[in-house]
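Undergrad: Got a structure for you, start.txt, holding compact mmCIF, C-alpha atoms.
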# COMPACT_ATOMS: atom_id res chain seq x y z
CA MET A 1 -35.28 -18.37 3.26
CA ASN A 2 -35.77 -18.60 6.99
CA LEU A 3 -34.66 -16.02 9.57
CA SER A 4 -31.42 -17.84 10.44
CA GLN A 5 -30.32 -18.03 6.81
CA ARG A 6 -31.21 -14.37 6.26
CA ARG A 7 -29.09 -13.32 9.24
CA LEU A 8 -26.20 -15.42 7.99
CA LEU A 9 -26.45 -13.85 4.53
CA ILE A 10 -26.55 -10.32 5.96
CA ASN A 11 -23.56 -11.10 8.18
CA GLN A 12 -21.56 -12.40 5.22
CA LEU A 13 -22.56 -9.38 3.13
CA PHE A 14 -21.40 -6.91 5.77
CA SER A 15 -18.19 -8.88 6.28
CA ILE A 16 -17.42 -8.60 2.56
CA VAL A 17 -18.24 -4.87 2.54
CA SER A 18 -16.09 -4.26 5.62
CA ALA A 19 -13.16 -6.18 4.17
CA GLY A 20 -13.50 -4.34 0.86
CA THR A 21 -13.51 -0.90 2.45
CA ALA A 22 -10.50 -1.86 4.60
CA ILE A 23 -8.61 -2.95 1.50
CA ILE A 24 -9.49 0.31 -0.29
CA GLY A 25 -8.27 2.29 2.70
CA LEU A 26 -5.01 0.35 2.83
CA LEU A 27 -4.49 0.89 -0.91
CA PHE A 28 -4.85 4.66 -0.53
CA LEU A 29 -2.55 4.60 2.49
CA GLY A 30 0.03 2.63 0.54
CA TRP A 31 -0.29 5.05 -2.37
CA ILE A 32 0.38 7.99 -0.06
CA ILE A 33 3.37 6.30 1.59
CA VAL A 34 4.94 5.24 -1.73
CA THR A 35 4.48 8.74 -3.20
CA LEU A 36 5.93 10.33 -0.08
CA VAL A 37 8.98 8.08 -0.13
CA MET A 38 9.61 8.48 -3.87
CA LYS A 39 9.33 12.26 -3.89
CA GLY A 40 10.80 12.81 -0.42
CA THR A 41 14.04 11.00 -1.14
CA GLU A 42 14.84 13.09 -4.24
CA SER A 43 16.35 15.90 -2.14
CA LEU A 44 17.29 13.84 0.90
CA SER A 45 20.96 14.24 1.71
CA PHE A 46 23.29 14.96 4.61
CA LYS A 47 23.08 18.65 3.72
CA VAL A 48 19.43 18.70 4.74
CA PHE A 49 20.43 18.07 8.38
CA THR A 50 23.50 20.33 8.50
CA THR A 51 22.32 23.56 6.84
CA ASP A 52 19.46 25.96 7.39
CA LEU A 53 16.67 26.71 4.96
CA VAL A 54 18.45 29.78 3.65
CA ASN A 55 21.18 27.44 2.34
CA GLY A 56 18.84 24.72 1.10
CA GLY A 57 18.62 22.63 4.28
CA LEU A 58 16.06 21.90 6.97
CA ARG A 59 18.18 22.01 10.12
CA ASN A 60 16.64 25.13 11.63
CA LEU A 61 13.12 23.96 10.77
CA ILE A 62 13.56 20.56 12.40
CA TRP A 63 15.03 22.17 15.52
CA GLY A 64 12.29 24.78 15.65
CA GLN A 65 9.51 22.20 15.36
CA PHE A 66 11.14 20.13 18.09
CA VAL A 67 11.48 23.07 20.48
CA LEU A 68 7.91 24.30 19.95
CA SER A 69 6.41 20.83 20.42
CA MET A 70 8.49 19.91 23.48
CA ILE A 71 7.88 23.14 25.38
CA ALA A 72 4.16 22.95 24.57
CA THR A 73 4.16 19.38 25.88
CA ALA A 74 5.99 20.43 29.04
CA ILE A 75 3.24 22.99 29.66
CA ALA A 76 0.18 20.96 28.67
CA VAL A 77 0.99 17.57 30.25
CA PRO A 78 1.31 18.66 33.91
CA LEU A 79 -1.70 20.97 33.69
CA GLY A 80 -3.79 18.40 31.85
CA MET A 81 -2.91 15.55 34.19
CA LEU A 82 -3.60 17.64 37.29
CA ALA A 83 -6.95 18.68 35.83
CA GLY A 84 -7.82 15.08 34.94
CA ILE A 85 -6.86 13.88 38.43
CA TRP A 86 -9.01 16.57 40.03
CA LEU A 87 -11.99 15.71 37.83
CA GLN A 88 -11.87 12.02 38.68
CA GLU A 89 -10.63 12.01 42.27
CA TYR A 90 -12.03 15.24 43.71
CA GLY A 91 -14.62 16.83 41.43
CA ASN A 92 -16.10 13.55 40.15
CA HIS A 93 -19.87 14.04 39.72
CA THR A 94 -20.17 17.69 40.74
CA ARG A 95 -21.78 20.18 38.38
CA TYR A 96 -18.50 22.04 37.95
CA ALA A 97 -16.70 18.83 36.97
CA HIS A 98 -19.36 18.06 34.36
CA PHE A 99 -18.93 21.57 32.96
CA ILE A 100 -15.14 21.08 32.70
CA ARG A 101 -15.64 17.73 30.93
CA ASP A 102 -18.06 19.26 28.44
CA LEU A 103 -15.69 22.17 27.83
CA SER A 104 -12.82 19.74 27.28
CA ASP A 105 -14.86 17.81 24.70
CA VAL A 106 -15.68 21.03 22.88
CA MET A 107 -12.02 22.07 22.85
CA MET A 108 -10.97 18.67 21.47
CA SER A 109 -13.28 19.13 18.49
CA ALA A 110 -12.39 22.79 17.90
CA PRO A 111 -10.58 23.41 14.58
CA SER A 112 -6.90 24.16 15.12
CA ILE A 113 -7.15 27.26 12.94
CA VAL A 114 -9.63 28.73 15.45
CA ILE A 115 -7.14 28.17 18.28
CA GLY A 116 -4.43 29.80 16.21
CA THR A 117 -6.61 32.83 15.50
CA PHE A 118 -7.41 33.22 19.20
CA VAL A 119 -3.74 33.10 20.21
CA TYR A 120 -2.91 35.48 17.36
CA ALA A 121 -5.33 38.01 18.80
CA ILE A 122 -3.94 37.87 22.34
CA LEU A 123 -0.20 37.23 21.82
CA VAL A 124 0.71 38.36 18.31
CA VAL A 125 -1.35 41.50 17.74
CA PRO A 126 -0.10 43.27 20.93
CA VAL A 127 3.58 42.81 19.94
CA GLU A 128 2.88 43.25 16.20
CA HIS A 129 4.89 40.24 15.05
CA THR A 130 4.80 36.47 15.18
CA ASN A 131 6.84 34.78 17.90
CA GLY A 132 7.74 31.39 19.26
CA TRP A 133 5.83 31.77 22.52
CA ALA A 134 2.58 32.33 20.64
CA GLY A 135 3.17 29.10 18.71
CA ILE A 136 3.90 27.23 21.93
CA VAL A 137 0.72 28.47 23.59
CA SER A 138 -1.41 27.50 20.60
CA LEU A 139 0.04 23.98 20.55
CA ALA A 140 -0.37 23.65 24.32
CA ILE A 141 -4.04 24.67 24.08
CA LEU A 142 -4.57 22.01 21.40
CA MET A 143 -2.89 19.36 23.53
CA LEU A 144 -4.44 20.25 26.90
CA PRO A 145 -8.01 18.92 26.42
CA ILE A 146 -6.71 15.60 25.05
CA VAL A 147 -4.53 15.12 28.14
CA VAL A 148 -7.36 16.14 30.47
CA ARG A 149 -9.88 13.78 28.89
CA THR A 150 -7.46 10.87 28.63
CA THR A 151 -6.34 11.17 32.26
CA ASP A 152 -9.92 11.51 33.47
CA ASP A 153 -11.12 8.48 31.49
CA MET A 154 -8.17 6.23 32.36
CA LEU A 155 -8.40 6.97 36.08
CA GLY A 156 -12.13 6.31 35.89
CA LEU A 157 -11.43 2.74 34.72
CA ILE A 158 -9.54 1.90 37.90
CA PRO A 159 -11.77 -0.11 40.29
CA ARG A 160 -13.09 1.82 43.28
CA GLU A 161 -11.97 -1.04 45.52
CA LEU A 162 -8.31 -0.01 45.08
CA ARG A 163 -9.09 3.41 46.49
CA GLU A 164 -11.06 1.92 49.36
CA ALA A 165 -8.21 -0.47 50.16
CA GLY A 166 -5.78 2.43 50.37
CA VAL A 167 -8.12 4.34 52.67
CA ALA A 168 -8.55 1.26 54.86
CA LEU A 169 -4.77 1.08 55.26
CA GLY A 170 -4.68 4.69 56.41
CA ILE A 171 -2.78 5.98 53.36
CA PRO A 172 -3.23 9.70 52.61
CA LYS A 173 -5.34 10.36 49.55
CA TYR A 174 -2.54 12.00 47.57
CA ARG A 175 -0.38 8.90 48.13
CA ILE A 176 -3.23 6.67 46.99
CA ILE A 177 -3.49 8.69 43.80
CA LEU A 178 0.26 8.76 43.12
CA ASP A 179 1.24 5.25 44.21
CA ILE A 180 -1.86 3.22 43.35
CA ILE A 181 -4.26 4.92 40.94
CA ILE A 182 -1.81 6.53 38.52
CA ARG A 183 0.42 3.46 38.47
CA ALA A 184 -2.54 1.27 37.62
CA ALA A 185 -3.61 3.64 34.82
CA LYS A 186 -0.15 4.50 33.47
CA VAL A 187 -0.50 2.44 30.27
CA GLY A 188 -3.67 4.21 29.16
CA VAL A 189 -2.43 7.62 30.25
CA MET A 190 0.84 7.19 28.37
CA THR A 191 -1.02 6.17 25.24
CA GLY A 192 -3.13 9.32 25.46
CA LEU A 193 -0.05 11.49 25.93
CA LEU A 194 1.58 9.99 22.84
CA LEU A 195 -1.55 10.59 20.78
CA ALA A 196 -1.70 14.18 22.00
CA PHE A 197 1.96 14.79 21.15
CA ALA A 198 1.54 13.16 17.73
CA ARG A 199 -1.28 15.59 17.01
CA ILE A 200 0.57 18.79 17.83
CA VAL A 201 3.90 17.82 16.25
CA GLY A 202 2.27 17.80 12.82
CA GLU A 203 0.08 20.90 13.22
CA THR A 204 0.39 23.68 10.68
CA ALA A 205 -2.69 25.89 10.89
CA PRO A 206 -2.18 27.38 14.39
CA LEU A 207 1.48 28.14 13.66
CA LEU A 208 0.72 30.10 10.50
CA TYR A 209 -0.63 33.00 12.56
CA THR A 210 1.41 32.62 15.71
CA SER A 211 5.04 31.51 15.34
CA GLY A 212 5.32 31.92 11.58
CA THR A 213 8.55 30.53 10.14
CA SER A 214 12.04 31.67 9.23
CA GLU A 215 14.85 30.70 6.90
CA PHE A 216 17.47 31.25 9.61
CA TRP A 217 18.49 29.64 12.88
CA PRO A 218 16.16 30.84 15.69
CA GLU A 219 17.44 33.71 17.82
CA GLY A 220 14.85 33.39 20.55
CA LEU A 221 11.25 32.56 21.30
CA THR A 222 10.31 36.23 21.33
CA GLN A 223 11.05 36.42 17.59
CA THR A 224 9.51 34.75 14.55
CA TYR A 225 10.34 31.09 15.02
CA PRO A 226 11.06 28.50 12.32
CA SER A 227 8.80 25.46 12.08
CA LEU A 228 8.90 22.50 9.73
CA THR A 229 5.18 22.23 9.11
CA VAL A 230 4.66 25.86 8.11
CA SER A 231 7.75 25.79 5.90
CA ILE A 232 6.50 22.65 4.15
CA TYR A 233 3.33 24.52 3.29
CA ASN A 234 5.26 27.55 2.05
CA LEU A 235 7.81 25.55 0.06
CA ALA A 236 5.16 23.39 -1.59
CA THR A 237 3.49 26.49 -3.07
CA MET A 238 6.68 27.97 -4.54
CA PRO A 239 7.32 27.96 -8.30
CA ASP A 240 10.89 26.71 -7.80
CA ALA A 241 11.04 22.93 -8.40
CA GLU A 242 13.94 22.49 -5.97
CA MET A 243 11.97 24.12 -3.17
CA VAL A 244 9.03 21.83 -3.87
CA LYS A 245 11.36 18.82 -3.64
CA LEU A 246 12.64 20.14 -0.33
CA ALA A 247 9.04 20.36 0.88
CA TRP A 248 8.54 16.68 0.03
CA THR A 249 11.70 15.83 1.96
CA GLY A 250 10.43 17.74 4.99
CA ALA A 251 7.09 15.94 4.75
CA LEU A 252 8.88 12.58 4.62
CA LEU A 253 10.99 13.39 7.69
CA LEU A 254 7.92 14.52 9.61
CA ALA A 255 5.99 11.38 8.68
CA VAL A 256 8.91 9.14 9.68
CA PHE A 257 9.22 10.92 13.02
CA VAL A 258 5.52 10.56 13.85
CA LEU A 259 5.52 6.92 12.74
CA THR A 260 8.61 6.17 14.83
CA LEU A 261 7.04 7.89 17.83
CA ASN A 262 3.91 5.75 17.54
CA ILE A 263 5.89 2.52 17.13
CA VAL A 264 8.13 3.26 20.11
CA GLY A 265 5.12 4.26 22.19
CA ARG A 266 3.25 1.07 21.36
CA TYR A 267 6.33 -1.00 22.18
CA VAL A 268 6.81 0.70 25.54
CA VAL A 269 3.13 0.39 26.42
CA ARG A 270 3.03 -3.29 25.42
CA ASP A 271 6.23 -4.03 27.32
CA ARG A 272 4.92 -2.42 30.52
CA ARG A 273 1.59 -4.18 30.13
CA LYS A 274 3.39 -7.55 30.06
CA LYS A 275 5.24 -6.64 33.24
Could you spell out this file's structure in structure tokens?

TA:
Amino acid sequence: MNLSQRRLLINQLFSIVSAGTAIIGLLFLGWIIVTLVMKGTESLSFKVFTTDLVNGGLRNLIWGQFVLSMIATAIAVPLGMLAGIWLQEYGNHTRYAHFIRDLSDVMMSAPSIVIGTFVYAILVVPVEHTNGWAGIVSLAILMLPIVVRTTDDMLGLIPRELREAGVALGIPKYRIILDIIIRAAKVGVMTGLLLAFARIVGETAPLLYTSGTSEFWPEGLTQTYPSLTVSIYNLATMPDAEMVKLAWTGALLLAVFVLTLNIVGRYVVRDRRKK
């Protein structure tokens, strides 16, 4: 067997192995989806959306998860984008910018439970009870490094010539960034923001210590705040079969929401890319 035939054989072997592992992965994914749909639909009814957990519904939990995720996003996205813009357009190759990038990478890989413990120590222990603001801060901290890194990387892909053309036309730098650079990188930035939001909307660990959860409609962010993910964890460990079924329903709703978010995001990104 000559060298060319050996390379062809190795290529075919790796192609078969890659296809086999992909099929195995898809089978497990299908198994999870089918199980989630079968068990999640057992308790799915209109009552789930119209009553709170205390009455056997999930209304307060869905609302609580939505509020926590949206406020965290409203905090993390502007801060993260401003930091990413500074890193790429102002800090660039300075030592301080490299330090911020390294710190962002470390924060992206940090376990969410560690973030939750940190926020618990600074925002829960002083007031002696869990609260919605602590949950929001923990989710925002998780989202922030993803937004920073995504913005930094996407702006870095924009050709330097676009910046030079703007300068040659006498355009102020902030207008170059807003009207040229960000517009050119909006597809990649938006994709990163969607991925960041998809991560925090399904987080459980940091909310266990910070916001907690409640069976009742939320009274305010300064009190223990209901969340779907934490309640799914609690309900799944209960001895009551009906509560376990309700946990499966909550898991199904959460999975459908995240899947819908990703599909809509991909459609929007693809549509803008065509334009």

Undergrad: With the cut-off set at 6 Å and counting all atoms listed in the file, tabulate each residue of segment 48-148 of chain A with an atom at most that distance from an atom of segment 205-209 of chain A, showing the nearest atom pair and its distance in Å to one decimal, ordered by chain and increasing number, as JSON lines.

TA:
{"residue": "A:Ser112", "atom": "CA", "partner": "A:Pro206", "partner_atom": "CA", "distance": 5.8}
{"residue": "A:Ile113", "atom": "CA", "partner": "A:Ala205", "partner_atom": "CA", "distance": 5.1}
{"residue": "A:Gly116", "atom": "CA", "partner": "A:Pro206", "partner_atom": "CA", "distance": 3.8}
{"residue": "A:Tyr120", "atom": "CA", "partner": "A:Tyr209", "partner_atom": "CA", "distance": 5.9}
{"residue": "A:Gly135", "atom": "CA", "partner": "A:Leu207", "partner_atom": "CA", "distance": 5.4}

Undergrad: Which of these, A:Gly166, A:Leu228, A:Gly220, A:Tyr233, has the shortest distance to Gly57 of chain A once you count only C-alpha atoms?

TA: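 Looking only at the distances to Gly57 of chain A, the closest residue turns out to be A:Leu228.
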
Undergrad: At what distance in Å, to one decimal, does atom CA of Met107 of chain A lie from atom CA of Leu142 of chain A?

TA: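 Straight-line distance from atom CA of Leu142 of chain A to atom CA of Met107 of chain A works out to 7.6 Å.
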
Undergrad: To one decimal place in Å, what is the distance between atom CA of Leu254 of chain A and atom CA of Ile62 of chain A?

TA: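 Interatomic distance, atom CA of Leu254 of chain A to atom CA of Ile62 of chain A: 8.7 Å.
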
Undergrad: I'd like the interatomic distance between atom CA of Ala185 of chain A and atom CA of Leu155 of chain A, to a tenth of an Å.

TA: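 A separation of 6.0 Å between them.
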
Undergrad: With a distance cut-off of 10 Å and all atoms listed in the file, select the neighbouring residues of Leu261 of chain A, excluding the residue or stretch itself and same-chain residues fewer than 5 positions from it, and output the selection as a list in words.

TA: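 Near Leu261 of chain A, the qualifying residues are Leu194, Leu195, Phe197, Ala198, Ala255, Val256, Arg266 and Tyr267 of chain A.
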
Undergrad: Return the single residue from A:Thr21, A:Thr151, A:Ser214, A:Thr117 that is closest to Ile85 of chain A, with distances computed using all atoms listed in the file.

TA: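 Among A:Thr21, A:Thr151, A:Ser214, A:Thr117, it is A:Thr151 that comes nearest to Ile85 of chain A.
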
Undergrad: May I ask which of the residues A:Gln88, A:Thr35, A:Ser43, A:Thr50 is the closest one to Ile182 of chain A, counting only C-alpha atoms?

TA: A:Gln88

Undergrad: Looking at only C-alpha atoms, which of A:Thr210, A:Ala76, A:Ala236, A:Arg160 is the one that sits closest to Pro126 of chain A?

TA: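 When distances to Pro126 of chain A are compared using only C-alpha atoms, the smallest one comes from A:Thr210.
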
Undergrad: From the options A:Ser69, A:Thr130, A:Ser211, A:Thr249, which residue's atoms come nearest to Phe46 of chain A, counting all atoms listed in the file?

TA: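 Of all the options, A:Thr249 lies closest to Phe46 of chain A.
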
Undergrad: Near Thr51 of chain A, within 12 Å and counting all atoms listed in the file, which residues show up once chain neighbours fewer than 5 positions away are dropped, as a VMD selection string?

TA: chain A and resid 45 to 46 56 to 63 215 to 217

Undergrad: Which residue is closest to Leu82 of chain A? Choose from A:Ile232, A:Leu103, A:Val148, A:Val264 and count all atoms listed in the file.

TA: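 Distance minimum relative to Leu82 of chain A lands on A:Val148.
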
Undergrad: List the spatial neighbours of His129 of chain A as a VMD selection string - criterion: any atom at most 8 Å away, only C-alpha atoms, same-chain residues fewer than 5 positions off excluded.

TA: chain A and resid 124 223 to 224

Undergrad: Just write segment 126-246 of chain A with C-alpha atoms, as a PDB file, in the first residue's frame, taken from the block above.

TA:
ATOM      1  CA  PRO A 126     -26.021  41.389  54.395  1.00  0.00           C
ATOM      2  CA  VAL A 127     -29.847  41.418  54.077  1.00  0.00           C
ATOM      3  CA  GLU A 128     -30.222  37.857  55.442  1.00  0.00           C
ATOM      4  CA  HIS A 129     -32.608  36.640  52.748  1.00  0.00           C
ATOM      5  CA  THR A 130     -32.639  35.818  49.060  1.00  0.00           C
ATOM      6  CA  ASN A 131     -33.895  38.512  46.705  1.00  0.00           C
ATOM      7  CA  GLY A 132     -34.516  39.214  43.051  1.00  0.00           C
ATOM      8  CA  TRP A 133     -31.737  41.777  42.683  1.00  0.00           C
ATOM      9  CA  ALA A 134     -29.141  39.236  43.782  1.00  0.00           C
ATOM     10  CA  GLY A 135     -30.387  36.837  41.105  1.00  0.00           C
ATOM     11  CA  ILE A 136     -30.251  39.577  38.484  1.00  0.00           C
ATOM     12  CA  VAL A 137     -26.679  40.504  39.379  1.00  0.00           C
ATOM     13  CA  SER A 138     -25.538  36.889  39.229  1.00  0.00           C
ATOM     14  CA  LEU A 139     -27.085  36.401  35.781  1.00  0.00           C
ATOM     15  CA  ALA A 140     -25.640  39.701  34.551  1.00  0.00           C
ATOM     16  CA  ILE A 141     -22.151  38.673  35.707  1.00  0.00           C
ATOM     17  CA  LEU A 142     -22.513  35.398  33.804  1.00  0.00           C
ATOM     18  CA  MET A 143     -23.634  37.209  30.660  1.00  0.00           C
ATOM     19  CA  LEU A 144     -21.153  40.101  30.753  1.00  0.00           C
ATOM     20  CA  PRO A 145     -17.927  38.313  29.684  1.00  0.00           C
ATOM     21  CA  ILE A 146     -19.706  36.613  26.759  1.00  0.00           C
ATOM     22  CA  VAL A 147     -20.929  39.982  25.480  1.00  0.00           C
ATOM     23  CA  VAL A 148     -17.508  41.576  25.978  1.00  0.00           C
ATOM     24  CA  ARG A 149     -15.651  38.824  24.150  1.00  0.00           C
ATOM     25  CA  THR A 150     -18.167  38.571  21.325  1.00  0.00           C
ATOM     26  CA  THR A 151     -18.195  42.323  20.697  1.00  0.00           C
ATOM     27  CA  ASP A 152     -14.406  42.500  20.833  1.00  0.00           C
ATOM     28  CA  ASP A 153     -13.952  39.589  18.415  1.00  0.00           C
ATOM     29  CA  MET A 154     -16.616  40.701  15.935  1.00  0.00           C
ATOM     30  CA  LEU A 155     -15.305  44.263  15.755  1.00  0.00           C
ATOM     31  CA  GLY A 156     -11.823  42.856  15.271  1.00  0.00           C
ATOM     32  CA  LEU A 157     -12.973  41.109  12.073  1.00  0.00           C
ATOM     33  CA  ILE A 158     -13.921  44.397  10.424  1.00  0.00           C
ATOM     34  CA  PRO A 159     -11.188  45.485   7.960  1.00  0.00           C
ATOM     35  CA  ARG A 160      -8.986  48.343   9.139  1.00  0.00           C
ATOM     36  CA  GLU A 161      -9.550  50.045   5.784  1.00  0.00           C
ATOM     37  CA  LEU A 162     -13.129  50.932   6.788  1.00  0.00           C
ATOM     38  CA  ARG A 163     -11.837  52.847   9.778  1.00  0.00           C
ATOM     39  CA  GLU A 164      -9.196  54.585   7.689  1.00  0.00           C
ATOM     40  CA  ALA A 165     -11.800  55.565   5.092  1.00  0.00           C
ATOM     41  CA  GLY A 166     -13.944  57.158   7.781  1.00  0.00           C
ATOM     42  CA  VAL A 167     -10.967  59.084   9.142  1.00  0.00           C
ATOM     43  CA  ALA A 168     -10.069  60.237   5.630  1.00  0.00           C
ATOM     44  CA  LEU A 169     -13.578  61.655   5.247  1.00  0.00           C
ATOM     45  CA  GLY A 170     -13.181  63.621   8.463  1.00  0.00           C
ATOM     46  CA  ILE A 171     -15.813  61.651  10.402  1.00  0.00           C
ATOM     47  CA  PRO A 172     -15.438  61.726  14.204  1.00  0.00           C
ATOM     48  CA  LYS A 173     -14.264  58.447  15.660  1.00  0.00           C
ATOM     49  CA  TYR A 174     -17.434  57.805  17.648  1.00  0.00           C
ATOM     50  CA  ARG A 175     -19.475  58.200  14.443  1.00  0.00           C
ATOM     51  CA  ILE A 176     -17.171  55.783  12.639  1.00  0.00           C
ATOM     52  CA  ILE A 177     -17.738  53.240  15.389  1.00  0.00           C
ATOM     53  CA  LEU A 178     -21.522  53.697  15.511  1.00  0.00           C
ATOM     54  CA  ASP A 179     -22.300  54.140  11.811  1.00  0.00           C
ATOM     55  CA  ILE A 180     -19.664  51.962  10.150  1.00  0.00           C
ATOM     56  CA  ILE A 181     -17.977  49.451  12.458  1.00  0.00           C
ATOM     57  CA  ILE A 182     -20.950  48.304  14.536  1.00  0.00           C
ATOM     58  CA  ARG A 183     -23.231  48.155  11.503  1.00  0.00           C
ATOM     59  CA  ALA A 184     -20.725  45.983   9.682  1.00  0.00           C
ATOM     60  CA  ALA A 185     -20.400  43.656  12.691  1.00  0.00           C
ATOM     61  CA  LYS A 186     -24.059  43.603  13.756  1.00  0.00           C
ATOM     62  CA  VAL A 187     -24.723  40.041  12.551  1.00  0.00           C
ATOM     63  CA  GLY A 188     -21.929  38.534  14.627  1.00  0.00           C
ATOM     64  CA  VAL A 189     -22.661  40.723  17.631  1.00  0.00           C
ATOM     65  CA  MET A 190     -26.347  39.818  17.576  1.00  0.00           C
ATOM     66  CA  THR A 191     -25.498  36.127  17.406  1.00  0.00           C
ATOM     67  CA  GLY A 192     -23.286  36.495  20.468  1.00  0.00           C
ATOM     68  CA  LEU A 193     -26.004  38.338  22.372  1.00  0.00           C
ATOM     69  CA  LEU A 194     -28.513  35.583  21.615  1.00  0.00           C
ATOM     70  CA  LEU A 195     -26.078  32.918  22.796  1.00  0.00           C
ATOM     71  CA  ALA A 196     -25.425  34.874  25.979  1.00  0.00           C
ATOM     72  CA  PHE A 197     -29.148  35.284  26.676  1.00  0.00           C
ATOM     73  CA  ALA A 198     -29.789  31.601  25.940  1.00  0.00           C
ATOM     74  CA  ARG A 199     -27.192  30.714  28.559  1.00  0.00           C
ATOM     75  CA  ILE A 200     -28.598  32.776  31.403  1.00  0.00           C
ATOM     76  CA  VAL A 201     -32.279  32.031  30.755  1.00  0.00           C
ATOM     77  CA  GLY A 202     -31.689  28.381  31.618  1.00  0.00           C
ATOM     78  CA  GLU A 203     -29.352  28.874  34.585  1.00  0.00           C
ATOM     79  CA  THR A 204     -30.247  27.282  37.898  1.00  0.00           C
ATOM     80  CA  ALA A 205     -27.141  27.127  40.082  1.00  0.00           C
ATOM     81  CA  PRO A 206     -26.570  30.879  40.651  1.00  0.00           C
ATOM     82  CA  LEU A 207     -30.253  31.441  41.453  1.00  0.00           C
ATOM     83  CA  LEU A 208     -30.342  28.769  44.148  1.00  0.00           C
ATOM     84  CA  TYR A 209     -28.332  30.993  46.496  1.00  0.00           C
ATOM     85  CA  THR A 210     -29.415  34.403  45.302  1.00  0.00           C
ATOM     86  CA  SER A 211     -33.037  34.832  44.208  1.00  0.00           C
ATOM     87  CA  GLY A 212     -34.361  31.527  45.521  1.00  0.00           C
ATOM     88  CA  THR A 213     -37.923  30.783  44.430  1.00  0.00           C
ATOM     89  CA  SER A 214     -41.471  31.217  45.651  1.00  0.00           C
ATOM     90  CA  GLU A 215     -44.874  29.620  45.199  1.00  0.00           C
ATOM     91  CA  PHE A 216     -46.588  33.016  44.995  1.00  0.00           C
ATOM     92  CA  TRP A 217     -46.703  35.954  42.598  1.00  0.00           C
ATOM     93  CA  PRO A 218     -43.615  38.177  43.145  1.00  0.00           C
ATOM     94  CA  GLU A 219     -44.115  41.214  45.376  1.00  0.00           C
ATOM     95  CA  GLY A 220     -40.871  42.932  44.467  1.00  0.00           C
ATOM     96  CA  LEU A 221     -37.242  42.389  43.584  1.00  0.00           C
ATOM     97  CA  THR A 222     -36.174  43.034  47.163  1.00  0.00           C
ATOM     98  CA  GLN A 223     -37.943  39.834  48.238  1.00  0.00           C
ATOM     99  CA  THR A 224     -37.406  36.166  47.414  1.00  0.00           C
ATOM    100  CA  TYR A 225     -38.220  35.953  43.726  1.00  0.00           C
ATOM    101  CA  PRO A 226     -39.793  33.028  41.850  1.00  0.00           C
ATOM    102  CA  SER A 227     -37.824  31.418  39.028  1.00  0.00           C
ATOM    103  CA  LEU A 228     -38.721  28.553  36.737  1.00  0.00           C
ATOM    104  CA  THR A 229     -35.342  26.846  36.733  1.00  0.00           C
ATOM    105  CA  VAL A 230     -34.981  26.650  40.513  1.00  0.00           C
ATOM    106  CA  SER A 231     -38.566  25.470  40.895  1.00  0.00           C
ATOM    107  CA  ILE A 232     -38.007  22.728  38.309  1.00  0.00           C
ATOM    108  CA  TYR A 233     -35.127  21.483  40.432  1.00  0.00           C
ATOM    109  CA  ASN A 234     -37.205  21.615  43.607  1.00  0.00           C
ATOM    110  CA  LEU A 235     -40.301  20.018  42.080  1.00  0.00           C
ATOM    111  CA  ALA A 236     -38.319  17.202  40.477  1.00  0.00           C
ATOM    112  CA  THR A 237     -37.015  16.110  43.884  1.00  0.00           C
ATOM    113  CA  MET A 238     -40.425  16.019  45.589  1.00  0.00           C
ATOM    114  CA  PRO A 239     -42.109  12.710  46.481  1.00  0.00           C
ATOM    115  CA  ASP A 240     -45.435  13.898  45.039  1.00  0.00           C
ATOM    116  CA  ALA A 241     -45.910  12.472  41.520  1.00  0.00           C
ATOM    117  CA  GLU A 242     -48.017  15.441  40.417  1.00  0.00           C
ATOM    118  CA  MET A 243     -45.261  17.871  41.364  1.00  0.00           C
ATOM    119  CA  VAL A 244     -42.742  15.820  39.403  1.00  0.00           C
ATOM    120  CA  LYS A 245     -45.041  15.971  36.361  1.00  0.00           C
ATOM    121  CA  LEU A 246     -45.270  19.731  36.796  1.00  0.00           C
TER     122      LEU A 246
END
